[in-house]
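Content type mmCIF, C-alpha atoms, from the file model07.cif:
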```cif
data_query
loop_
_atom_site.label_atom_id
_atom_site.label_comp_id
_atom_site.auth_asym_id
_atom_site.auth_seq_id
_atom_site.Cartn_x
_atom_site.Cartn_y
_atom_site.Cartn_z
CA MET A 77 0.00 0.00 0.00
CA ARG A 78 0.99 3.62 -0.55
CA VAL A 79 0.72 5.21 2.89
CA VAL A 80 1.02 8.74 4.23
CA ALA A 81 2.69 8.67 7.65
CA ALA A 82 1.55 11.70 9.65
CA MET A 83 4.76 12.85 11.37
CA SER A 84 4.32 15.34 14.18
CA GLY A 85 7.99 15.49 15.07
CA GLY A 86 7.55 13.31 18.15
CA VAL A 87 8.80 9.86 19.05
CA ASP A 88 5.47 8.06 18.48
CA SER A 89 4.94 9.14 14.88
CA ALA A 90 8.62 8.46 14.13
CA VAL A 91 8.36 4.83 15.23
CA ALA A 92 4.96 4.47 13.54
CA ALA A 93 6.49 5.54 10.20
CA SER A 94 9.41 3.14 10.60
CA ARG A 95 7.09 0.24 11.40
CA MET A 96 4.99 0.92 8.30
CA ILE A 97 8.15 0.75 6.16
CA GLU A 98 9.16 -2.53 7.80
CA ALA A 99 5.68 -3.89 7.08
CA GLY A 100 6.41 -3.44 3.38
CA HIS A 101 4.40 -0.31 2.61
CA ASP A 102 5.46 2.51 0.32
CA VAL A 103 5.62 5.35 2.85
CA VAL A 104 5.80 9.13 2.49
CA GLY A 105 6.21 11.30 5.59
CA VAL A 106 3.94 14.32 5.98
CA HIS A 107 4.06 16.99 8.67
CA LEU A 108 0.89 19.01 9.15
CA ALA A 109 1.39 22.76 9.45
CA LEU A 110 -1.59 23.67 11.63
CA ALA A 111 -0.61 27.14 12.84
CA LYS A 112 -0.77 30.16 10.53
CA ASN A 113 2.18 31.68 12.37
CA ALA A 114 4.11 28.72 13.73
CA LYS A 115 6.47 29.35 16.61
CA THR A 116 10.12 28.46 16.16
CA LEU A 117 10.49 26.40 19.34
CA ARG A 118 8.26 24.30 21.56
CA GLU A 119 7.59 25.44 25.12
CA GLY A 120 8.61 22.24 26.94
CA ALA A 121 5.84 19.68 26.68
CA ARG A 122 3.19 22.21 25.69
CA GLY A 123 2.14 23.04 22.19
CA CYS A 124 3.04 21.35 18.95
CA CYS A 125 3.43 21.91 15.21
CA THR A 126 6.32 24.37 15.62
CA ILE A 127 9.12 24.87 13.11
CA GLU A 128 11.29 22.83 15.49
CA ASP A 129 8.78 19.94 15.31
CA ALA A 130 8.79 20.05 11.51
CA GLY A 131 12.59 19.89 11.57
CA ASP A 132 12.55 16.90 13.92
CA ALA A 133 10.10 15.09 11.62
CA ARG A 134 12.24 15.84 8.56
CA ARG A 135 15.37 14.44 10.24
CA VAL A 136 13.55 11.19 11.05
CA ALA A 137 12.31 10.94 7.46
CA ASP A 138 15.85 11.50 6.18
CA ARG A 139 17.13 8.74 8.44
CA LEU A 140 14.41 6.42 7.15
CA GLY A 141 15.16 7.38 3.57
CA ILE A 142 11.58 8.36 2.69
CA PRO A 143 10.19 11.45 0.95
CA PHE A 144 9.00 14.17 3.31
CA TYR A 145 6.55 17.03 2.82
CA VAL A 146 4.90 19.73 4.91
CA TRP A 147 1.20 20.10 4.12
CA ASP A 148 -0.48 23.38 5.06
CA MET A 149 -3.67 22.57 6.99
CA ALA A 150 -3.80 25.85 8.93
CA THR A 151 -7.03 27.10 7.35
CA PRO A 152 -9.20 24.00 7.93
CA PHE A 153 -7.64 23.57 11.40
CA ALA A 154 -8.54 27.15 12.34
CA ARG A 155 -12.08 26.75 11.00
CA ASP A 156 -12.96 23.23 12.16
CA VAL A 157 -10.99 22.99 15.41
CA VAL A 158 -9.98 26.39 16.81
CA ASP A 159 -13.10 28.36 15.82
CA ASP A 160 -15.30 25.45 16.86
CA PHE A 161 -13.52 25.39 20.24
CA VAL A 162 -14.24 29.09 20.83
CA ALA A 163 -17.86 28.80 19.69
CA GLU A 164 -18.52 25.84 21.96
CA TYR A 165 -17.15 27.57 25.05
CA GLU A 166 -19.09 30.72 24.16
CA ALA A 167 -22.24 28.55 24.06
CA GLY A 168 -21.54 27.23 27.57
CA ARG A 169 -20.24 23.84 26.40
CA THR A 170 -16.94 22.04 27.04
CA PRO A 171 -15.43 20.70 23.79
CA ASN A 172 -12.55 18.28 23.27
CA PRO A 173 -10.47 19.67 20.38
CA CYS A 174 -8.47 16.44 19.99
CA LEU A 175 -11.58 14.53 18.88
CA ARG A 176 -12.54 17.31 16.51
CA CYS A 177 -9.01 17.35 15.05
CA ASN A 178 -9.07 13.59 14.46
CA GLU A 179 -12.52 13.78 12.88
CA LYS A 180 -12.07 16.88 10.74
CA ILE A 181 -8.33 17.12 10.05
CA LYS A 182 -6.29 13.92 10.40
CA PHE A 183 -8.92 11.55 9.10
CA ALA A 184 -10.84 13.93 6.84
CA ALA A 185 -8.78 16.79 5.34
CA LEU A 186 -5.49 14.84 5.50
CA LEU A 187 -7.02 11.55 4.41
CA ASP A 188 -8.99 13.19 1.59
CA LYS A 189 -5.84 14.85 0.24
CA ALA A 190 -3.88 11.61 0.54
CA LEU A 191 -6.53 9.67 -1.40
CA ALA A 192 -6.71 12.39 -4.06
CA LEU A 193 -2.96 12.06 -4.57
CA GLY A 194 -3.20 8.30 -5.04
CA PHE A 195 -2.36 7.06 -1.55
CA ASP A 196 -4.31 4.23 0.05
CA ALA A 197 -4.21 5.05 3.77
CA VAL A 198 -2.90 7.23 6.59
CA ALA A 199 -0.77 5.99 9.50
CA THR A 200 -0.44 7.87 12.80
CA GLY A 201 1.30 7.36 16.14
CA HIS A 202 -1.93 7.02 18.13
CA TYR A 203 -2.06 4.31 20.78
CA ALA A 204 -4.97 2.19 19.62
CA GLN A 205 -5.45 -1.05 17.71
CA ILE A 206 -7.35 -1.95 14.56
CA VAL A 207 -8.59 -5.53 14.42
CA ASP A 208 -10.25 -7.32 11.52
CA GLY A 209 -13.65 -8.36 12.84
CA PRO A 210 -16.60 -10.27 11.39
CA HIS A 211 -18.13 -7.06 9.98
CA GLY A 212 -14.97 -5.22 8.97
CA ARG A 213 -12.18 -3.36 10.72
CA GLU A 214 -12.72 -2.62 14.41
CA LEU A 215 -11.15 0.02 16.65
CA HIS A 216 -9.85 -1.37 19.98
CA ARG A 217 -8.03 -0.07 23.04
CA ALA A 218 -4.24 -0.09 23.07
CA VAL A 219 -2.24 -2.61 25.06
CA ASP A 220 -0.74 0.25 27.11
CA SER A 221 -3.76 1.39 29.14
CA ALA A 222 -1.89 4.44 30.43
CA LYS A 223 -1.38 5.72 26.88
CA ASP A 224 -4.59 4.40 25.28
CA GLN A 225 -6.00 6.98 22.84
CA SER A 226 -9.03 5.06 21.58
CA TYR A 227 -11.29 7.64 23.28
CA VAL A 228 -10.11 10.50 21.04
CA LEU A 229 -10.48 8.23 18.00
CA GLY A 230 -14.08 7.33 18.85
CA VAL A 231 -15.35 9.78 16.22
CA LEU A 232 -13.96 7.75 13.29
CA ASP A 233 -16.43 5.92 11.09
CA GLU A 234 -15.91 2.58 9.35
CA GLU A 235 -14.78 4.18 6.08
CA GLN A 236 -12.08 6.16 7.90
CA LEU A 237 -10.98 3.10 9.87
CA ALA A 238 -10.66 1.18 6.62
CA ARG A 239 -8.00 3.71 5.56
CA ALA A 240 -6.18 4.01 8.90
CA PHE A 241 -3.18 2.33 10.52
CA PHE A 242 -2.13 2.61 14.18
CA PRO A 243 1.15 0.64 14.34
CA LEU A 244 1.86 1.34 18.04
CA GLY A 245 -1.27 -0.15 19.60
CA ASP A 246 0.38 -3.43 20.63
CA THR A 247 3.35 -1.79 22.39
CA THR A 248 3.94 0.17 25.60
CA LYS A 249 5.37 3.69 25.58
CA PRO A 250 8.66 2.73 27.30
CA GLN A 251 9.20 0.10 24.61
CA ILE A 252 8.52 2.69 21.90
CA ARG A 253 11.19 4.98 23.35
CA GLU A 254 13.65 2.07 23.49
CA GLU A 255 12.89 1.22 19.87
CA ALA A 256 13.37 4.85 18.82
CA ALA A 257 16.74 4.97 20.57
CA ALA A 258 17.82 1.71 18.93
CA ARG A 259 16.92 3.20 15.54
CA GLY A 260 19.05 6.26 16.30
CA PHE A 261 16.17 8.74 16.35
CA ALA A 262 17.13 11.98 18.10
CA VAL A 263 13.50 12.31 19.28
CA ALA A 264 13.73 9.17 21.43
CA LYS A 265 13.75 11.24 24.63
CA LYS A 266 11.65 14.16 23.39
CA PRO A 267 8.87 15.02 25.90
CA ASP A 268 5.30 14.12 24.96
CA SER A 269 3.08 17.06 24.06
CA HIS A 270 -0.01 17.47 26.23
CA ASP A 271 -2.87 19.82 26.95
CA ILE A 272 -4.41 21.80 24.07
CA CYS A 273 -1.87 22.11 21.27
CA PHE A 274 -2.90 25.61 20.18
CA ILE A 275 -2.83 27.02 23.75
CA SER A 276 0.86 26.61 24.42
CA ASP A 277 0.88 28.24 27.88
CA GLY A 278 -2.03 26.10 29.17
CA ASP A 279 -4.11 29.15 30.18
CA THR A 280 -7.41 28.31 28.47
CA ARG A 281 -9.39 31.04 30.24
CA GLY A 282 -6.86 33.71 29.34
CA TRP A 283 -6.73 32.51 25.74
CA LEU A 284 -10.53 32.64 25.47
CA THR A 285 -10.65 36.09 27.06
CA GLN A 286 -8.32 37.43 24.37
CA ARG A 287 -10.78 36.26 21.73
CA LEU A 288 -14.14 36.85 23.40
CA GLY A 289 -13.36 39.79 25.67
CA GLU A 290 -14.51 40.19 29.25
CA GLN A 291 -18.22 39.50 29.74
CA PRO A 292 -19.07 40.17 33.42
CA GLY A 293 -21.92 38.14 34.88
CA GLU A 294 -23.31 36.58 38.03
CA ILE A 295 -22.31 33.48 39.98
CA VAL A 296 -25.45 31.94 41.47
CA ASP A 297 -25.77 29.36 44.26
CA GLU A 298 -28.01 26.48 43.15
CA GLY A 299 -29.26 25.81 46.67
CA SER A 300 -30.38 29.29 47.68
CA GLY A 301 -30.74 30.95 44.30
CA GLU A 302 -28.72 33.86 45.64
CA VAL A 303 -26.07 35.74 43.69
CA VAL A 304 -22.83 35.00 45.55
CA GLY A 305 -20.24 36.47 43.23
CA GLU A 306 -19.30 37.78 39.82
CA HIS A 307 -17.25 36.43 36.93
CA ARG A 308 -15.61 37.97 33.87
CA GLY A 309 -16.91 35.49 31.33
CA ALA A 310 -19.08 32.40 31.68
CA TYR A 311 -17.01 30.79 28.91
CA GLY A 312 -14.17 30.43 31.44
CA PHE A 313 -16.03 27.80 33.49
CA THR A 314 -16.94 24.17 33.05
CA VAL A 315 -19.09 21.72 35.00
CA GLY A 316 -17.26 20.20 37.96
CA GLN A 317 -14.77 23.06 38.27
CA ARG A 318 -13.77 23.96 41.82
CA ARG A 319 -10.73 26.19 41.48
CA GLY A 320 -10.80 29.72 40.19
CA LEU A 321 -14.32 30.62 41.37
CA GLY A 322 -13.05 33.62 43.34
CA LEU A 323 -15.45 33.01 46.24
CA ASP A 324 -14.99 33.29 49.97
CA ARG A 325 -15.95 29.88 51.35
CA SER A 326 -16.80 31.45 54.72
CA ASP A 327 -19.74 33.11 52.99
CA LEU A 328 -20.98 29.72 51.79
CA ASP A 329 -21.22 27.73 55.05
CA GLY A 330 -17.58 26.72 54.68
CA GLN A 331 -18.36 23.96 52.20
CA PRO A 332 -16.54 23.76 48.84
CA ARG A 333 -18.58 24.68 45.79
CA TYR A 334 -18.36 23.39 42.24
CA VAL A 335 -19.70 24.61 38.93
CA THR A 336 -22.95 22.74 38.32
CA ARG A 337 -23.97 24.38 35.03
CA VAL A 338 -23.14 27.25 32.72
CA GLU A 339 -26.06 29.24 31.32
CA ALA A 340 -24.70 31.03 28.27
CA ALA A 341 -27.95 32.82 27.38
CA SER A 342 -28.04 34.70 30.70
CA ASN A 343 -24.24 34.70 31.14
CA ARG A 344 -24.64 33.12 34.58
CA VAL A 345 -22.54 30.44 36.25
CA PHE A 346 -24.27 28.19 38.78
CA ILE A 347 -22.44 26.53 41.66
CA GLY A 348 -23.39 23.94 44.25
CA THR A 349 -22.14 21.31 46.64
CA SER A 350 -20.59 18.07 45.42
CA ASP A 351 -23.83 16.09 45.82
CA LEU A 352 -25.31 18.07 42.92
CA LEU A 353 -22.62 16.96 40.48
CA GLY A 354 -23.58 13.30 40.14
CA THR A 355 -24.77 12.29 36.67
CA ASP A 356 -26.22 8.91 35.73
CA GLU A 357 -28.15 9.73 32.56
CA ILE A 358 -26.62 11.31 29.48
CA GLU A 359 -28.21 12.32 26.20
CA ALA A 360 -25.89 12.81 23.24
CA ASP A 361 -26.11 13.97 19.65
CA HIS A 362 -23.57 14.00 16.78
CA VAL A 363 -23.60 10.20 17.04
CA ARG A 364 -20.73 8.42 15.26
CA TRP A 365 -20.27 4.65 14.81
CA CYS A 366 -16.88 2.93 14.53
CA GLY A 367 -18.42 0.23 12.38
CA PRO A 368 -21.98 -0.74 11.50
CA ALA A 369 -24.54 1.57 13.10
CA ALA A 370 -26.05 0.28 16.32
CA SER A 371 -29.78 0.28 17.02
CA GLY A 372 -31.99 -0.49 19.99
CA ARG A 373 -30.64 -1.00 23.51
CA HIS A 374 -27.24 -2.45 24.49
CA ARG A 375 -25.15 -3.12 27.60
CA LEU A 376 -21.85 -1.33 27.07
CA GLY A 377 -19.11 0.56 28.86
CA ALA A 378 -19.16 4.38 28.76
CA GLN A 379 -16.26 6.82 29.13
CA ILE A 380 -16.60 10.61 29.28
CA ARG A 381 -12.94 11.70 29.53
CA ALA A 382 -9.83 10.77 27.58
CA HIS A 383 -8.31 8.99 30.56
CA GLY A 384 -11.43 8.59 32.63
CA GLU A 385 -12.91 5.46 34.12
CA GLU A 386 -15.13 3.22 32.01
CA ILE A 387 -18.56 2.86 33.64
CA PRO A 388 -20.98 -0.02 32.91
CA ALA A 389 -24.07 1.40 31.24
CA THR A 390 -27.15 0.78 29.15
CA ALA A 391 -27.08 2.67 25.86
CA GLU A 392 -30.13 3.18 23.70
CA VAL A 393 -30.40 4.68 20.22
CA VAL A 394 -33.53 6.79 19.91
CA PRO A 395 -34.89 8.34 16.68
CA ASP A 396 -35.02 12.12 17.00
CA ALA A 397 -35.78 14.28 13.99
CA ALA A 398 -34.34 17.33 15.75
CA ALA A 399 -30.96 15.69 16.38
CA GLU A 400 -28.05 15.68 13.94
CA GLY A 401 -28.37 12.59 11.76
CA GLY A 402 -31.86 11.97 13.13
CA LEU A 403 -30.59 9.95 16.09
CA ARG A 404 -30.14 10.62 19.79
CA LEU A 405 -28.10 8.47 22.14
CA VAL A 406 -29.40 7.93 25.69
CA VAL A 407 -26.89 6.39 28.11
CA ARG A 408 -27.90 5.33 31.63
CA LEU A 409 -24.87 4.74 33.83
CA ASP A 410 -24.83 2.04 36.51
CA GLU A 411 -23.17 4.52 38.87
CA ALA A 412 -23.12 8.30 38.90
CA VAL A 413 -20.10 10.20 37.64
CA ARG A 414 -19.08 13.76 38.43
CA GLY A 415 -18.38 16.55 36.01
CA ALA A 416 -20.14 15.35 32.87
CA ALA A 417 -20.60 18.53 30.82
CA PRO A 418 -22.44 19.40 27.62
CA GLY A 419 -19.95 19.46 24.74
CA GLN A 420 -17.83 16.62 26.07
CA SER A 421 -17.78 13.34 24.20
CA ILE A 422 -19.10 10.06 25.52
CA VAL A 423 -17.44 7.01 23.97
CA LEU A 424 -18.99 3.54 24.15
CA TYR A 425 -17.05 0.28 24.46
CA ASP A 426 -17.88 -3.40 24.10
CA GLY A 427 -14.93 -4.95 25.92
CA THR A 428 -11.90 -3.34 24.26
CA ARG A 429 -13.80 -2.51 21.07
CA VAL A 430 -14.94 1.06 20.46
CA VAL A 431 -18.60 0.96 19.41
CA GLY A 432 -19.07 4.67 18.78
CA SER A 433 -19.43 8.08 20.35
CA GLY A 434 -21.68 11.08 20.80
CA THR A 435 -21.43 14.68 22.00
CA ILE A 436 -23.12 15.25 25.35
CA ALA A 437 -26.18 17.48 24.98
CA ARG A 438 -27.61 16.92 28.47
CA ALA A 439 -26.31 15.29 31.63
CA GLY A 440 -28.34 14.77 34.79
CA ARG A 441 -30.13 12.36 37.05
CA ALA A 442 -32.45 9.72 35.67
CA ALA A 443 -36.04 9.96 36.87
CA ARG A 444 -36.67 7.51 39.70
CA THR A 445 -39.94 5.74 40.37
CA SER A 446 -40.79 4.34 43.77
CA ALA A 447 -41.98 0.76 44.09
#
```
Take the structure from the file and write it as structure tokens.
Amino acid sequence: MRVVAAMSGGVDSAVAASRMIEAGHDVVGVHLALAKNAKTLREGARGCCTIEDAGDARRVADRLGIPFYVWDMATPFARDVVDDFVAEYEAGRTPNPCLRCNEKIKFAALLDKALALGFDAVATGHYAQIVDGPHGRELHRAVDSAKDQSYVLGVLDEEQLARAFFPLGDTTKPQIREEAAARGFAVAKKPDSHDICFISDGDTRGWLTQRLGEQPGEIVDEGSGEVVGEHRGAYGFTVGQRRGLGLDRSDLDGQPRYVTRVEAASNRVFIGTSDLLGTDEIEADHVRWCGPAASGRHRLGAQIRAHGEEIPATAEVVPDAAAEGGLRLVVRLDEAVRGAAPGQSIVLYDGTRVVGSGTIARAGRAARTSA
């Protein structure tokens, strides 16, 4: 196969490219330029896609003896990931830009361009596994549970999986670094990037404020309905947040308070005690299936954060003309979780297999009936 190896400049994509070559594929290395004004150097483990990263990727490609190109994806990345991120926070939701990037950039814009140029597939350094199942290719968790990235790949559909390779899924991260060192890659000890790649200093609230401006509003206590403080922008808060509320706990019976909901229309942030955070019923839209579409009711595992705990649940697909794609996903968790927020993704698992995902539209308590 002719394969585009997406090379970020890190150790994972370097080893992924080398493994694809060893598997007999015709490989071309491609670095995605995602920033319109890329910085020269990385800031430690924060940020990515700098000129330094492109140089690191090129040196690995040279060592492997494969062609290397830089593809400019800054415009679609700004539109489909960065602008979407800002709009979601402005609407009082909590997005995950990594899922959006995988869905819209790495396995849409990148894959589409690769196919148009005559390539057959894209390979990345994600920690996940693709297994040939009875109904086609299946997405599964990685062997290294600490590095498993199947959650952020839960937006891929069966056509995208058919054109994807994840060569690292059967290996642990320490082994990948050892392999990179043995191959003489200078990136063998390069720190992993983390947090949001386009917010290099990690200050999400400050970054949003620069783009949305200060929007003063009220902080309201759920229990009493009283206004207990002010904020400078509801977009700077997310459900489950405890730090950064700027409140005097002595004025609130000494108990810690958490963000329980963000009401964008009124620009108000609601807070409450920890007992108000529990969620055991989630409704989701933007439903995506990593294989044949599911229907009816199923017993599955549900995960609402990239490295969160998987919770046993009952998931039901409900027709809904108002929802995107005409379907709504209702997930009832066996035990309550804290901090489930609209905008986050919920990913469903059957054992290690990723069944699909949805974007949380509502999270709350299921109605209880007494016997």
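With distances restricted to all atoms listed in the file, A:Glu411 is the closest residue to Pro388 of chain A from A:Gln331, A:Glu411, A:Gly372, A:Leu321.
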Shell of 10 Å around Glu306 of chain A, all atoms listed in the file, local chain residues under 3 positions omitted, as a PyMOL selection string | chain A and resi 292-296+303+309-310+321-323+344-345
Excluding Asp148 of chain A and residues on its chain fewer than 5 positions from it, collect all residues at most 7 Å away from it, counting all atoms listed in the file, and give them as a VMD selection string.
-> chain A and resid 108 to 110
Determine, counting all atoms listed in the file, which protein, DNA and RNA residues have an atom within 12 Å of an atom of Lys180 of chain A; residues of the same chain fewer than 6 positions away are not included. Present the result as a PyMOL selection string.
-> chain A and resi 149+151-158+160+173-174+186-188+229+231-233+236
Evaluate the PyMOL selection byres ((chain A and resi 95-99) around 9) and report residues as a CSV table (one decimal) with C-alpha atoms, in the frame of the given file:
```csv
chain,number,residue,atom,x,y,z
A,79,VAL,CA,0.7,5.2,2.9
A,81,ALA,CA,2.7,8.7,7.6
A,90,ALA,CA,8.6,8.5,14.1
A,91,VAL,CA,8.4,4.8,15.2
A,92,ALA,CA,5.0,4.5,13.5
A,93,ALA,CA,6.5,5.5,10.2
A,94,SER,CA,9.4,3.1,10.6
A,100,GLY,CA,6.4,-3.4,3.4
A,101,HIS,CA,4.4,-0.3,2.6
A,102,ASP,CA,5.5,2.5,0.3
A,103,VAL,CA,5.6,5.4,2.8
A,140,LEU,CA,14.4,6.4,7.2
A,199,ALA,CA,-0.8,6.0,9.5
A,241,PHE,CA,-3.2,2.3,10.5
A,243,PRO,CA,1.2,0.6,14.3
A,244,LEU,CA,1.9,1.3,18.0
```
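Between atom CA of Leu353 of chain A and atom CA of Arg318 of chain A the interatomic distance comes to 11.4 Å.
Reported to one decimal place, the separation of atom CA of Ser84 of chain A from atom CA of Val198 of chain A is 13.2 Å.
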Measure the distance from atom CA of Val393 of chain A to atom CA of Glu359 of chain A in Å and round it to one decimal.
-> 9.9 Å
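Between Gly209 of chain A and the candidates A:Glu255, A:Arg169, A:Thr349, A:Cys366, the tightest atom-to-atom separation, counting all atoms listed in the file, involves A:Cys366.
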Repaired coordinates for segment 390-412 of chain A (N, CA and C atoms) as a compact mmCIF listing (two decimals), in the coordinates of the input:
```txt
# COMPACT_ATOMS: atom_id res chain seq x y z
N THR A 390 -26.20 1.21 30.17
CA THR A 390 -27.15 0.78 29.15
C THR A 390 -27.29 1.92 28.16
N ALA A 391 -27.01 1.64 26.90
CA ALA A 391 -27.08 2.67 25.86
C ALA A 391 -28.22 2.35 24.91
N GLU A 392 -28.99 3.37 24.58
CA GLU A 392 -30.13 3.18 23.70
C GLU A 392 -30.11 4.23 22.59
N VAL A 393 -30.33 3.78 21.37
CA VAL A 393 -30.40 4.68 20.22
C VAL A 393 -31.86 5.02 19.98
N VAL A 394 -32.15 6.33 20.01
CA VAL A 394 -33.53 6.79 19.91
C VAL A 394 -33.68 7.69 18.69
N PRO A 395 -34.65 7.43 17.81
CA PRO A 395 -34.89 8.34 16.68
C PRO A 395 -35.29 9.72 17.19
N ASP A 396 -34.71 10.75 16.60
CA ASP A 396 -35.02 12.12 17.00
C ASP A 396 -34.80 13.03 15.79
N ALA A 397 -35.87 13.47 15.20
CA ALA A 397 -35.78 14.28 13.99
C ALA A 397 -35.02 15.57 14.22
N ALA A 398 -35.01 16.06 15.46
CA ALA A 398 -34.34 17.33 15.75
C ALA A 398 -32.84 17.17 15.94
N ALA A 399 -32.38 15.94 16.13
CA ALA A 399 -30.96 15.69 16.38
C ALA A 399 -30.20 15.54 15.08
N GLU A 400 -28.90 15.84 15.11
CA GLU A 400 -28.05 15.68 13.94
C GLU A 400 -28.04 14.22 13.51
N GLY A 401 -28.32 13.96 12.25
CA GLY A 401 -28.37 12.59 11.76
C GLY A 401 -29.65 11.86 12.10
N GLY A 402 -30.58 12.57 12.80
CA GLY A 402 -31.86 11.97 13.13
C GLY A 402 -31.82 10.96 14.25
N LEU A 403 -30.72 10.91 14.99
CA LEU A 403 -30.59 9.95 16.09
C LEU A 403 -30.11 10.64 17.36
N ARG A 404 -30.59 10.15 18.48
CA ARG A 404 -30.14 10.62 19.79
C ARG A 404 -29.71 9.39 20.58
N LEU A 405 -28.64 9.56 21.33
CA LEU A 405 -28.10 8.47 22.14
C LEU A 405 -28.43 8.75 23.61
N VAL A 406 -29.08 7.80 24.27
CA VAL A 406 -29.40 7.93 25.69
C VAL A 406 -28.61 6.87 26.44
N VAL A 407 -27.77 7.30 27.36
CA VAL A 407 -26.89 6.39 28.11
C VAL A 407 -27.22 6.51 29.59
N ARG A 408 -27.60 5.38 30.19
CA ARG A 408 -27.90 5.33 31.63
C ARG A 408 -26.78 4.57 32.32
N LEU A 409 -26.04 5.29 33.15
CA LEU A 409 -24.87 4.74 33.83
C LEU A 409 -25.27 3.94 35.06
N ASP A 410 -24.55 2.85 35.32
CA ASP A 410 -24.83 2.04 36.51
C ASP A 410 -24.48 2.79 37.79
N GLU A 411 -23.53 3.71 37.70
CA GLU A 411 -23.17 4.52 38.87
C GLU A 411 -22.94 5.95 38.41
N ALA A 412 -23.23 6.88 39.27
CA ALA A 412 -23.12 8.30 38.90
C ALA A 412 -21.66 8.72 38.76
```
